[in-house]
Structure formats: structure tokens, C-alpha cells
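Structure data (mmCIF, C-alpha atoms) from protein.cif:
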```
data_protein
loop_
_atom_site.label_atom_id
_atom_site.label_comp_id
_atom_site.auth_asym_id
_atom_site.auth_seq_id
_atom_site.Cartn_x
_atom_site.Cartn_y
_atom_site.Cartn_z
CA MET M 29 163.57 -81.85 57.79
CA THR M 30 161.40 -84.94 57.42
CA VAL M 31 161.77 -87.45 54.66
CA GLN M 32 158.60 -86.15 53.12
CA GLU M 33 159.89 -82.61 52.93
CA LEU M 34 163.11 -83.85 51.38
CA THR M 35 161.16 -85.70 48.74
CA ILE M 36 159.22 -82.59 47.95
CA SER M 37 162.37 -80.52 47.57
CA ALA M 38 163.81 -83.20 45.31
CA GLY M 39 160.63 -82.90 43.27
CA LYS M 40 161.57 -79.24 42.67
CA LYS M 41 158.40 -77.95 44.26
CA GLU M 42 160.05 -76.47 47.33
CA PRO M 43 163.81 -76.12 46.77
CA SER M 44 165.97 -76.79 49.81
CA SER M 45 167.65 -73.94 51.60
CA PHE M 46 170.91 -75.39 50.41
CA ARG M 47 169.83 -74.95 46.82
CA LEU M 48 168.83 -71.34 47.49
CA VAL M 49 172.13 -70.56 49.14
CA ALA M 50 174.04 -72.37 46.42
CA THR M 51 172.25 -70.38 43.70
CA LEU M 52 173.13 -67.10 45.30
CA GLY M 53 176.65 -68.26 46.08
CA ILE M 54 177.32 -69.35 42.53
CA ALA M 55 175.75 -66.18 41.10
CA GLY M 56 177.87 -64.05 43.41
CA MET M 57 181.02 -65.97 42.61
CA LEU M 58 180.55 -65.80 38.83
CA SER M 59 179.72 -62.12 39.08
CA GLY M 60 182.84 -61.56 41.16
CA ILE M 61 185.04 -63.35 38.65
CA ALA M 62 183.54 -61.42 35.74
CA LEU M 63 184.00 -58.10 37.51
CA ALA M 64 187.56 -58.87 38.56
CA GLY M 65 188.34 -59.67 34.94
CA VAL M 66 186.82 -56.47 33.59
CA TYR M 67 188.49 -54.48 36.34
CA GLU M 68 191.89 -55.91 35.49
CA ILE M 69 191.42 -55.11 31.81
CA THR M 70 190.12 -51.58 32.26
CA LYS M 71 192.32 -50.51 35.18
CA PRO M 72 195.47 -49.66 33.20
CA ILE M 73 193.40 -47.76 30.63
CA ILE M 74 191.58 -45.80 33.32
CA GLU M 75 194.86 -44.96 35.06
CA ALA M 76 196.45 -43.90 31.78
CA ASN M 77 193.39 -41.72 31.10
CA ASN M 78 193.64 -40.06 34.48
CA LEU M 79 197.34 -39.44 34.08
CA ARG M 80 196.90 -38.04 30.60
CA GLU M 81 194.10 -35.81 31.80
CA LEU M 82 196.21 -34.57 34.69
CA LYS M 83 199.17 -33.89 32.44
CA GLN M 84 196.98 -32.08 29.95
CA ALA M 85 195.48 -29.98 32.72
CA VAL M 86 198.89 -29.09 34.16
CA LEU M 87 200.25 -28.06 30.80
CA GLU M 88 197.08 -26.11 30.12
CA VAL M 89 197.21 -23.97 33.26
CA VAL M 90 200.89 -23.21 32.75
CA PRO M 91 200.91 -21.76 29.22
CA GLY M 92 203.79 -22.99 27.09
CA GLY M 93 204.35 -26.03 29.27
CA GLN M 94 205.67 -29.15 27.58
CA THR M 95 206.88 -31.38 30.37
CA MET M 96 206.04 -31.65 34.03
CA GLN M 97 207.04 -33.38 37.21
CA GLU M 98 205.63 -33.78 40.67
CA VAL M 99 206.89 -31.74 43.59
CA ASP M 100 206.07 -32.91 47.08
CA LEU M 101 205.50 -30.02 49.50
CA VAL M 102 205.59 -30.54 53.26
CA ASN M 103 204.24 -27.90 55.63
CA ASP M 104 205.17 -27.27 59.26
CA ALA M 105 202.44 -29.58 60.44
CA GLY M 106 203.96 -32.37 58.38
CA GLU M 107 201.15 -32.47 55.84
CA HIS M 108 202.02 -33.31 52.27
CA LYS M 109 200.75 -31.84 49.06
CA ILE M 110 201.72 -32.85 45.56
CA ILE M 111 202.02 -29.95 43.15
CA TYR M 112 203.39 -29.99 39.63
CA ALA M 113 206.26 -28.07 38.11
CA ALA M 114 205.96 -27.31 34.40
CA TYR M 115 208.80 -26.69 31.93
CA ASP M 116 209.02 -25.67 28.30
CA ASP M 117 210.86 -27.56 25.58
CA ASP M 118 214.32 -26.38 26.66
CA GLY M 119 213.73 -27.38 30.26
CA THR M 120 213.20 -23.80 31.45
CA PHE M 121 211.00 -23.66 34.51
CA LEU M 122 207.69 -21.91 33.79
CA GLY M 123 205.58 -22.25 36.90
CA TYR M 124 203.75 -24.53 39.27
CA ALA M 125 200.34 -26.12 38.89
CA ILE M 126 198.57 -26.36 42.21
CA GLU M 127 195.33 -28.12 42.98
CA GLY M 128 192.62 -26.41 45.00
CA ALA M 129 189.21 -27.53 46.17
CA THR M 130 186.24 -25.90 47.90
CA PRO M 131 182.54 -26.64 48.15
CA GLY M 132 180.69 -24.96 45.30
CA PHE M 133 176.96 -24.61 44.78
CA ALA M 134 176.68 -28.36 44.36
CA ASP M 135 179.41 -30.60 45.72
CA ILE M 136 183.14 -29.90 45.83
CA ILE M 137 184.75 -28.00 42.99
CA ARG M 138 188.25 -29.31 42.26
CA LEU M 139 190.47 -27.18 40.13
CA LEU M 140 194.04 -26.78 39.06
CA TYR M 141 195.67 -23.40 38.62
CA GLY M 142 199.00 -22.28 37.33
CA TYR M 143 201.19 -20.07 39.50
CA ASP M 144 204.14 -18.03 38.33
CA HIS M 145 206.22 -17.39 41.45
CA GLN M 146 208.48 -14.82 39.83
CA ARG M 147 205.65 -12.50 38.83
CA ASN M 148 203.44 -13.66 41.72
CA LEU M 149 200.52 -14.24 39.35
CA VAL M 150 197.93 -16.87 38.73
CA ILE M 151 198.52 -17.72 35.07
CA GLY M 152 195.78 -20.22 34.29
CA MET M 153 192.88 -22.12 35.80
CA LYS M 154 191.07 -25.29 34.86
CA VAL M 155 188.21 -26.91 36.72
CA LEU M 156 188.88 -30.62 37.08
CA GLU M 157 185.68 -31.71 38.75
CA SER M 158 182.42 -29.96 39.50
CA LEU M 159 178.72 -30.68 39.62
CA GLU M 160 177.71 -27.06 39.22
CA THR M 161 174.33 -26.29 37.69
CA PRO M 162 174.34 -26.70 33.92
CA GLY M 163 173.83 -23.37 32.20
CA LEU M 164 174.72 -21.31 35.26
CA GLY M 165 177.42 -22.65 37.55
CA ASP M 166 179.09 -24.68 34.85
CA LYS M 167 180.12 -21.45 33.18
CA ILE M 168 183.13 -21.61 35.47
CA ILE M 169 184.25 -24.21 32.91
CA LYS M 170 182.51 -23.13 29.74
CA ASP M 171 182.63 -19.34 29.84
CA GLU M 172 185.89 -18.47 28.10
CA ALA M 173 185.82 -14.84 29.21
CA PHE M 174 185.54 -15.98 32.82
CA VAL M 175 188.35 -18.52 32.55
CA ALA M 176 190.53 -15.95 30.78
CA GLN M 177 190.41 -13.77 33.90
CA PHE M 178 192.69 -16.28 35.56
CA SER M 179 195.40 -16.00 32.94
CA ASP M 180 196.99 -13.03 34.77
CA LEU M 181 195.43 -12.63 38.14
CA ALA M 182 197.47 -10.82 40.77
CA ILE M 183 197.37 -12.64 44.09
CA ASP M 184 198.67 -9.75 46.18
CA PRO M 185 196.30 -8.34 47.39
CA THR M 186 194.18 -11.45 47.70
CA PRO M 187 191.86 -11.89 44.70
CA VAL M 188 188.24 -10.90 45.28
CA VAL M 189 185.00 -11.40 43.39
CA VAL M 190 183.25 -8.25 42.17
CA LYS M 191 179.90 -7.91 40.49
CA ASP M 192 180.21 -4.72 38.47
CA GLY M 193 183.17 -5.35 36.21
CA ALA M 194 186.71 -6.10 37.30
CA ASP M 195 189.02 -3.08 37.21
CA ALA M 196 192.03 -4.07 39.27
CA ASP M 197 194.41 -6.94 38.58
CA HIS M 198 193.26 -8.89 41.59
CA GLU M 199 189.53 -8.61 40.85
CA VAL M 200 187.48 -11.37 39.29
CA ASP M 201 184.20 -10.55 37.61
CA ALA M 202 181.40 -12.77 38.89
CA ILE M 203 179.33 -14.80 36.43
CA THR M 204 175.77 -13.50 36.40
CA GLY M 205 173.58 -15.97 38.22
CA ALA M 206 176.50 -18.01 39.47
CA THR M 207 178.07 -15.89 42.16
CA ILE M 208 178.46 -18.81 44.53
CA SER M 209 180.33 -20.87 41.94
CA THR M 210 182.54 -17.91 41.07
CA LYS M 211 183.34 -17.26 44.71
CA ALA M 212 184.12 -20.93 45.24
CA VAL M 213 186.67 -20.88 42.42
CA VAL M 214 188.41 -17.82 43.81
CA LYS M 215 188.25 -19.22 47.33
CA ALA M 216 189.84 -22.49 46.22
CA ILE M 217 192.76 -20.57 44.77
CA ASN M 218 193.11 -18.28 47.79
CA GLN M 219 193.00 -21.15 50.23
CA ALA M 220 195.65 -23.15 48.42
CA ASN M 221 197.81 -20.03 48.10
CA GLU M 222 197.52 -19.28 51.77
CA GLN M 223 198.31 -22.82 52.79
CA TRP M 224 201.10 -23.74 50.45
CA LEU M 225 202.80 -20.83 48.71
CA GLU M 226 205.21 -20.25 51.60
CA TYR M 227 206.39 -23.85 51.35
CA LEU M 228 207.36 -23.67 47.72
CA PRO M 229 211.03 -24.56 47.20
CA GLU M 230 213.41 -21.60 47.05
CA THR M 231 214.62 -22.54 43.63
CA PRO M 232 212.46 -24.49 41.24
CA PRO M 233 213.45 -28.13 40.90
CA ASP M 234 215.44 -29.15 37.85
CA PRO M 235 213.47 -30.39 34.89
CA PRO M 236 212.98 -34.13 34.63
CA ALA M 237 216.38 -35.55 33.71
CA VAL M 238 215.30 -38.22 31.29
CA GLU M 239 212.92 -36.79 28.74
CA GLU M 240 210.43 -39.37 27.82
CA PRO M 241 208.13 -38.12 25.13
CA ASP M 242 204.92 -39.33 26.66
CA SER M 243 203.71 -39.27 30.19
CA THR M 244 206.35 -40.21 32.69
CA ILE M 245 206.16 -38.28 35.91
CA GLU M 246 209.05 -38.39 38.30
CA THR M 247 208.78 -37.48 41.91
CA VAL M 248 211.29 -35.05 43.31
CA GLU M 249 211.71 -35.03 47.06
CA GLU M 250 212.16 -31.54 48.43
CA ASP M 251 214.17 -31.13 51.60
CA ASP M 252 212.90 -28.12 53.44
CA MET U 856 151.11 -64.15 27.81
CA ASN U 857 150.20 -65.96 24.60
CA GLN U 858 152.70 -68.48 23.31
CA ALA U 859 154.33 -66.84 20.34
CA LYS U 860 155.90 -68.97 17.67
CA HIS U 861 155.70 -66.87 14.52
CA PRO U 862 158.36 -64.40 13.55
CA SER U 863 155.63 -61.78 13.40
CA GLN U 864 155.02 -62.31 17.09
CA LEU U 865 158.72 -61.87 17.82
CA TYR U 866 158.43 -58.64 15.91
CA ALA U 867 155.45 -57.71 18.06
CA GLU U 868 157.51 -58.29 21.21
CA PHE U 869 160.15 -56.02 19.76
CA ILE U 870 157.93 -53.22 18.54
CA LYS U 871 155.67 -52.95 21.58
CA GLY U 872 158.44 -51.46 23.74
CA ILE U 873 159.11 -48.73 21.25
CA TRP U 874 155.61 -47.35 21.02
CA LYS U 875 152.57 -49.13 22.45
CA GLU U 876 154.16 -50.07 25.77
CA ASN U 877 156.94 -47.49 25.77
CA PRO U 878 158.57 -47.78 29.20
CA VAL U 879 158.64 -44.04 29.74
CA PHE U 880 155.69 -42.53 27.91
CA VAL U 881 153.19 -45.29 28.65
CA ALA U 882 154.45 -47.31 31.61
CA VAL U 883 156.18 -44.32 33.29
CA LEU U 884 159.11 -46.44 34.46
CA GLY U 885 162.73 -45.47 34.99
CA MET U 886 161.93 -41.90 35.96
CA CYS U 887 165.09 -41.38 37.99
CA PRO U 888 167.58 -41.41 35.09
CA MET U 889 164.87 -39.94 32.88
CA LEU U 890 164.76 -36.75 34.90
CA ALA U 891 168.32 -36.65 36.10
CA VAL U 892 170.55 -37.00 33.06
CA THR U 893 168.45 -35.60 30.23
CA ASN U 894 169.84 -32.09 30.32
CA SER U 895 171.47 -32.64 26.95
CA ALA U 896 170.81 -34.85 23.96
CA ILE U 897 174.16 -36.60 24.17
CA ASN U 898 173.74 -37.45 27.85
CA GLY U 899 170.31 -38.89 27.10
CA LEU U 900 171.75 -41.05 24.34
CA ALA U 901 174.69 -42.21 26.45
CA MET U 902 172.40 -43.14 29.31
CA GLY U 903 170.14 -44.94 26.87
CA ALA U 904 173.06 -46.89 25.43
CA ALA U 905 174.31 -47.91 28.88
CA THR U 906 170.81 -49.00 29.91
CA THR U 907 170.40 -50.89 26.64
CA PHE U 908 173.53 -52.91 27.28
CA VAL U 909 172.48 -53.78 30.81
CA LEU U 910 168.89 -54.61 29.90
CA VAL U 911 169.74 -56.76 26.89
CA CYS U 912 172.49 -58.72 28.66
CA SER U 913 170.47 -59.20 31.83
CA SER U 914 167.35 -60.27 29.95
CA LEU U 915 169.30 -62.81 27.93
CA LEU U 916 170.99 -64.26 30.99
CA VAL U 917 167.90 -64.29 33.16
CA SER U 918 165.85 -65.92 30.47
CA SER U 919 168.52 -68.57 29.77
CA LEU U 920 168.81 -69.34 33.47
CA ARG U 921 165.10 -69.11 34.24
CA LYS U 922 164.80 -72.85 34.86
CA PHE U 923 167.72 -72.92 37.31
CA ILE U 924 166.86 -69.96 39.48
CA PRO U 925 164.59 -70.96 42.40
CA LYS U 926 161.76 -68.49 42.60
CA GLN U 927 162.40 -67.71 46.28
CA VAL U 928 165.72 -66.08 45.46
CA ARG U 929 164.95 -64.85 41.98
CA ILE U 930 164.88 -61.13 42.75
CA THR U 931 168.22 -61.32 44.56
CA THR U 932 169.73 -63.25 41.68
CA TYR U 933 168.39 -60.74 39.16
CA ILE U 934 169.91 -57.93 41.16
CA ILE U 935 173.29 -59.68 41.22
CA ILE U 936 173.11 -60.16 37.46
CA ILE U 937 172.01 -56.60 36.79
CA ALA U 938 174.55 -55.11 39.17
CA SER U 939 177.37 -57.05 37.52
CA PHE U 940 176.49 -55.72 34.10
CA VAL U 941 176.12 -52.20 35.46
CA THR U 942 179.58 -52.37 37.02
CA ILE U 943 180.99 -53.63 33.73
CA VAL U 944 179.40 -50.68 31.91
CA ASP U 945 180.78 -48.37 34.56
CA TYR U 946 184.37 -49.59 34.11
CA VAL U 947 184.17 -49.72 30.34
CA LEU U 948 182.72 -46.20 30.07
CA LYS U 949 185.39 -44.93 32.44
CA ALA U 950 188.09 -46.47 30.27
CA ALA U 951 186.68 -45.70 26.84
CA PHE U 952 184.68 -42.49 27.29
CA PRO U 953 185.94 -40.72 30.42
CA GLY U 954 184.15 -37.49 29.46
CA THR U 955 180.74 -39.07 29.17
CA HIS U 956 181.33 -41.05 32.33
CA LYS U 957 182.04 -37.81 34.15
CA ASP U 958 178.84 -36.22 32.84
CA LEU U 959 176.63 -39.10 33.88
CA GLY U 960 178.35 -39.46 37.24
CA ALA U 961 176.58 -41.58 39.81
CA PHE U 962 173.64 -42.26 37.50
CA ILE U 963 175.55 -45.05 35.78
CA GLN U 964 175.72 -46.98 39.03
CA LEU U 965 172.09 -46.13 39.66
CA ILE U 966 171.03 -48.14 36.59
CA VAL U 967 170.98 -51.05 39.06
CA VAL U 968 167.86 -49.66 40.64
CA ASN U 969 166.16 -48.65 37.41
CA CYS U 970 162.81 -50.36 37.85
CA LEU U 971 162.48 -50.74 34.09
CA ILE U 972 165.27 -53.32 34.10
CA LEU U 973 164.16 -55.33 37.11
CA GLY U 974 160.58 -55.04 35.87
CA ARG U 975 161.41 -56.59 32.50
CA GLN U 976 163.26 -59.48 34.19
CA GLU U 977 160.36 -60.22 36.49
CA ALA U 978 157.55 -59.63 34.02
CA PHE U 979 159.06 -60.98 30.84
CA ALA U 980 162.56 -62.48 30.72
CA SER U 981 161.93 -64.95 33.55
CA ARG U 982 158.90 -66.38 31.75
CA ASN U 983 159.98 -66.43 28.13
CA THR U 984 162.57 -67.97 25.84
CA PRO U 985 165.87 -66.12 25.37
CA ILE U 986 165.01 -65.09 21.82
CA LYS U 987 161.75 -63.49 22.92
CA ALA U 988 163.45 -61.94 25.92
CA LEU U 989 166.08 -60.48 23.59
CA MET U 990 163.41 -58.98 21.34
CA ASP U 991 161.56 -57.56 24.31
CA ALA U 992 164.73 -56.12 25.83
CA LEU U 993 165.82 -54.56 22.54
CA GLY U 994 162.42 -52.99 21.99
CA MET U 995 162.16 -51.66 25.52
CA SER U 996 165.73 -50.30 25.38
CA ILE U 997 165.13 -48.53 22.11
CA GLY U 998 161.90 -47.10 23.50
CA PHE U 999 163.71 -45.94 26.61
CA THR U 1000 166.62 -44.47 24.67
CA PHE U 1001 164.21 -42.74 22.32
CA ALA U 1002 162.40 -41.18 25.26
CA LEU U 1003 165.64 -40.07 26.91
CA PHE U 1004 166.79 -38.58 23.63
CA CYS U 1005 163.50 -36.71 23.05
CA LEU U 1006 163.58 -35.20 26.50
CA GLY U 1007 167.31 -34.47 26.37
CA ALA U 1008 167.15 -32.87 22.94
CA THR U 1009 164.13 -30.68 23.77
CA ARG U 1010 165.67 -29.56 27.04
CA GLU U 1011 169.01 -28.82 25.42
CA ILE U 1012 167.43 -26.87 22.57
CA LEU U 1013 165.26 -24.76 24.86
CA GLY U 1014 167.60 -24.52 27.80
CA ASN U 1015 170.92 -24.06 26.06
CA GLY U 1016 170.00 -23.11 22.49
CA SER U 1017 172.05 -25.98 21.12
CA ILE U 1018 171.88 -29.62 20.15
CA PHE U 1019 174.84 -32.00 20.54
CA ASP U 1020 176.70 -28.86 21.68
CA ILE U 1021 176.15 -27.22 18.29
CA SER U 1022 174.67 -23.79 18.79
CA LEU U 1023 171.39 -23.36 16.92
CA PHE U 1024 170.15 -19.83 17.34
CA GLY U 1025 173.22 -17.62 17.60
CA ASP U 1026 173.91 -15.11 20.36
CA ASN U 1027 170.52 -13.41 20.33
CA PHE U 1028 168.78 -16.41 21.81
CA GLU U 1029 168.20 -16.13 25.52
CA PRO U 1030 168.19 -19.74 26.76
CA TRP U 1031 165.45 -20.86 29.13
CA VAL U 1032 167.93 -21.95 31.73
CA ILE U 1033 165.16 -23.54 33.79
CA MET U 1034 164.79 -26.22 31.14
CA ILE U 1035 168.18 -27.77 31.86
CA LEU U 1036 167.72 -27.44 35.60
CA PRO U 1037 165.85 -30.18 37.46
CA PRO U 1038 162.44 -28.40 37.32
CA GLY U 1039 162.75 -28.32 33.54
CA GLY U 1040 162.91 -32.10 33.56
CA PHE U 1041 159.62 -32.38 35.39
CA LEU U 1042 158.03 -29.71 33.23
CA MET U 1043 159.10 -31.29 29.97
CA LEU U 1044 158.23 -34.80 31.09
CA GLY U 1045 154.80 -33.60 32.12
CA MET U 1046 154.23 -32.03 28.73
CA ILE U 1047 155.40 -35.11 26.88
CA LEU U 1048 153.14 -37.36 28.97
CA LEU U 1049 150.29 -34.94 28.31
CA PHE U 1050 150.91 -35.22 24.60
CA PHE U 1051 150.95 -39.01 24.70
CA ASN U 1052 147.76 -39.18 26.74
CA TRP U 1053 146.13 -36.81 24.29
CA LEU U 1054 147.19 -39.04 21.39
CA GLN U 1055 145.75 -42.05 23.13
CA GLN U 1056 142.48 -40.35 23.95
CA ARG U 1057 142.09 -39.15 20.42
CA LYS U 1058 142.62 -42.68 19.18
CA GLN U 1059 139.99 -43.98 21.58
CA HIS U 1060 137.50 -41.34 20.50
CA LYS U 1061 138.05 -42.26 16.89
CA LEU U 1062 137.53 -45.92 17.67
CA GLN U 1063 134.34 -45.13 19.55
CA ALA U 1064 133.08 -42.96 16.75
CA ARG U 1065 133.75 -45.70 14.25
CA ALA U 1066 132.02 -48.22 16.47
CA ARG U 1067 129.00 -45.97 16.64
CA GLU U 1068 128.97 -45.60 12.86
CA VAL U 1069 129.05 -49.35 12.42
CA MET U 1070 126.26 -49.77 14.96
CA SER U 1071 123.91 -47.29 13.33
#
```
Entire entry expressed as C-alpha cells:
Amino acid sequence: MTVQELTISAGKKEPSSFRLVATLGIAGMLSGIALAGVYEITKPIIEANNLRELKQAVLEVVPGGQTMQEVDLVNDAGEHKIIYAAYDDDGTFLGYAIEGATPGFADIIRLLYGYDHQRNLVIGMKVLESLETPGLGDKIIKDEAFVAQFSDLAIDPTPVVVKDGADADHEVDAITGATISTKAVVKAINQANEQWLEYLPETPPDPPAVEEPDSTIETVEEDD
Amino acid sequence: MNQAKHPSQLYAEFIKGIWKENPVFVAVLGMCPMLAVTNSAINGLAMGAATTFVLVCSSLLVSSLRKFIPKQVRITTYIIIIASFVTIVDYVLKAAFPGTHKDLGAFIQLIVVNCLILGRQEAFASRNTPIKALMDALGMSIGFTFALFCLGATREILGNGSIFDISLFGDNFEPWVIMILPPGGFLMLGMILLFFNWLQQRKQHKLQARAREVMS
């Protein structure tokens, strides 16, 4: 850079490259600091929200549930899956809540369902995440009659989707105009059942020892 | 841009975004969120509120810093500023209104690329005092939110038979599902633009007619 050019940049007509880089650097740094601050403040709230939502969902798919704890399943291949055991007020075991996921009509549908291993029934289902079409596919969440079908769904034989009214215990009536979404929900349940039911512990784990009224989840290690 | 000093001109900067230069109906900016999240009235409002926060904060900051930002890197700097505010909105929504955040999904992050926001920085905030930039940003945001709400409400009423999730017509109403699907967005937007163009044309005709009367 010649002296003349330097003079010009000092005269603010053509800022030096250093000034340009410095501007961006400072902007980036300030933005980073601001974001880190906001992140720190909101993180515990977001985590608490997620935990509360999860707990609510678990207790919703296992009717009568009051407390819950995590159960870590390990299959033969060494893969892990966290499921949730739900108990009523007296600490009586009610059932497991298991998460399933399959591609729906738009993006992955994630859901949680309750499983009663004594009666071998699905006893509740709640969609956690889906981008299904509003007005059609999202009836898997909003249509109460549809959701109610999962409150006592036999899983032996494997549940199937039917289009002309469900007669048998293992049949699920498809939502008109949203067959793909319906099938995805049933498939998510079937897949999770197939993969994990055989690895459920023989006897349900004991209820969480220390009852904390709010949302403490304790992990129980299961030795296979 | 005329140098405004009167309060009335500040008011003019504010009001122009709401009607005369409405970012959606007149300038046809910000179409991506406009079409994507307006399948219900509440989503439209939430998106509008998030955009308002980002636009107002960015405009204020850009206009206060306008003398310090070299023009060669101004767009990059604006993007950094806008993106920071968008991320803040994203975190705050996630913490305070997880349900709404879920509904809006990726479109919160996509506010960064809403051309309405960058456009206002480049065309207005970077050339005007913070107070004028604030007025402009507020006006534009309200105009944008109003448009999102109109579209969202109409689509929800027609497509779901409800507004703010309150059912309007009872069980006998067969909702026009297409209205809350993506094509409904285009359809409704087209009709609204048609209506606004018609209004404008009518106004012009009236003006012409009056001019002719005066001439004769």
C-alpha cells in the first residue's frame, strides 16, 4: 500500500482491509457473546420444558401413572434404548412407555406408546413430533377417536391398518385421507415392539426409591 | 429520501408500512414465511411477533451503527446482526412458548433470510436516524404481522372451520382442507393481492376522473 492509499483510507473514503476485518470480527465477537449469554439463560428452562413434556407424555400413555423412571434396555447387538417405567401413587408398576419412530408422510413421526406387558396390550399413544399435513395427517394427534384406538390395542397378532372399520382387537381404523400417516403410526409401534419387547426385564424394576414430587428421573441399570 | 424533522413525518414513516407500502400486499416481500406458516391465525401472529422483534432490534442497531460500518462489509454485518437476533428469538421462544416454537419449526431460523428485514436495513435503517428507523421498522412489522394474520385467519376459517382453534361452524361444516395445505397459501395470497391491486386501480381511476372534471 502506498502512502497515498493510506492517506485515503485514513480519510474514510476507502477503509483499509484491516478496518473491514476488524468490523466483522467485532460484530461476530459481540454476537457470539450475546448468544452465549442468551443460551446460558434459556438452556435450563428449555431442558426443564423437555423433561416436563417427556414426563407428561409418559404418564399420559400409561393411564393412571404418577411417577416414572428410566429403564435402559440392551439388545443382543449391544444397542441401548431408554424406555420408561410408570407407577401409580402406591408404587405399583403399571406399564412401560416406549418411544417409536418411522417416516410419515412428511418427515419422521416420533411417538411414545404405553405397553402393558401383563395383558400384552398397547394402552396409550401420543405423537411427540410430526410434520404431518395440517387437517389430514395431523389427525394422528388431533382426532380423539383415532388416538383412543390405541388405548387397548392387542399386539398379538401384529396390529394392522384397515380401511373399513376396525372389528378385531388388533385392527386400527385408518384416518380418511391420511392412510400413510396412520400406517406410519402403527408401523412405529410394531417396529419398536419387534425390536425391544423381548429385552424387557423379567420383573418390572422397583419404583423410584426416593419420591420427589416433581420431575426427578433416576436411571436403573438392568443386568440382562 | 426527504429529510424529515416534524413529528408528522415520523408518523408518516410509521404508517406507510402498514398500508401504502405494506411489505406483503404492496412490496410482495417476505413470501417464504408468508406462505409457509399461515395455516392458522395464531401461527401467523406468532411469526409476525418474532419478525417484529428481529426487525425492530436490527433496524435500531443498524441505524445507530450506520456511521461505523464500512459500506464494503455492510451486508455481512447486517446479516450477523439479524442472525443474532433471530437466534435469540429462537432460544427465547423455545424456553417460553415451546408449543408455538414447535409449530413454527424451522421457519423461525429462516427469518434470517426474510428479504423484508435485510431490505429495510439496506433501504432505510442504514440511511436514517435511529428514531426514524424505529418508526419505519415498527410500521413495516405491523404491516407484515397484519398480512400474516389476515392470511392465517382466512385460511384457518376456510380450511379448518375455526379461528384461534375455536370451532366456528359446528360439525356440519366440511372444511376446505386445501386452504391449509400449501396450495391454499398461494391461492389465498393471490386473491388478496388481486383485491389490493383492484383497490389501487379503483383509486387511480377516481383520481383520473377527478382530474378530468377539474380540467373540463
Problem - CA of Lys191 (chain M) to CA of Ile203 (chain M), distance in Å rounded to a single decimal - result: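 Going from CA of Lys191 (chain M) over to CA of Ile203 (chain M) covers 8.0 Å.
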Exercise for the section: State, in Å with one decimal place, the distance from CA of Glu81 (chain M) to CA of Pro953 (chain U). Expected result: 9.6 Å
Problem - Interatomic distance (Å, one decimal) between CA of Ile943 (chain U) and CA of Cys1005 (chain U) - result: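 For CA of Ile943 (chain U) relative to CA of Cys1005 (chain U), the distance reads 26.6 Å.
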Between chain U and chain M, at 9 Å or less, what are the per-residue closest atom pairs and their distances in Å? Count all atoms listed in the file, order by chain and rising residue number, and return it as a tab-separated table.
```
residue	atom	partner	partner_atom	distance
U:Asn894	CA	M:Pro162	CA	7.9
U:Phe923	CA	M:Thr51	CA	8.2
U:Ile924	CA	M:Thr51	CA	6.9
U:Pro925	CA	M:Leu48	CA	6.6
U:Lys926	CA	M:Pro43	CA	8.9
U:Gln927	CA	M:Leu48	CA	7.5
U:Val928	CA	M:Leu48	CA	6.4
U:Thr931	CA	M:Leu52	CA	7.6
U:Thr932	CA	M:Leu52	CA	6.3
U:Ile935	CA	M:Gly56	CA	6.7
U:Ile936	CA	M:Ser59	CA	7.1
U:Ala938	CA	M:Ser59	CA	8.7
U:Ser939	CA	M:Ser59	CA	5.8
U:Phe940	CA	M:Leu63	CA	8.6
U:Thr942	CA	M:Leu63	CA	7.3
U:Ile943	CA	M:Val66	CA	6.5
U:Tyr946	CA	M:Thr70	CA	6.4
U:Val947	CA	M:Thr70	CA	6.5
U:Lys949	CA	M:Ile74	CA	6.3
U:Ala950	CA	M:Ile74	CA	4.7
U:Ala951	CA	M:Ile73	CA	8.0
U:Pro953	CA	M:Asn77	CA	7.5
U:Lys957	CA	M:Glu157	CA	8.5
U:Asp958	CA	M:Leu159	CA	8.8
U:Gly1014	CA	M:Gly163	CA	7.7
U:Asn1015	CA	M:Gly163	CA	6.8
U:Pro1030	CA	M:Gly163	CA	8.6
U:Val1032	CA	M:Gly163	CA	6.1
U:Ile1033	CA	M:Gly163	CA	8.8
U:Ile1035	CA	M:Pro162	CA	6.6
U:Leu1036	CA	M:Pro162	CA	6.9
```
Practice task
Evaluate the PyMOL selection byres ((chain U and resi 899-913) around 7) here and jot the selected residues down as a ChimeraX atom specification.
Solution key: /U:892-893,895-898,914-917,936-937,940-941,944,966,972,989,992-993,996,999-1000,1003-1004,1007
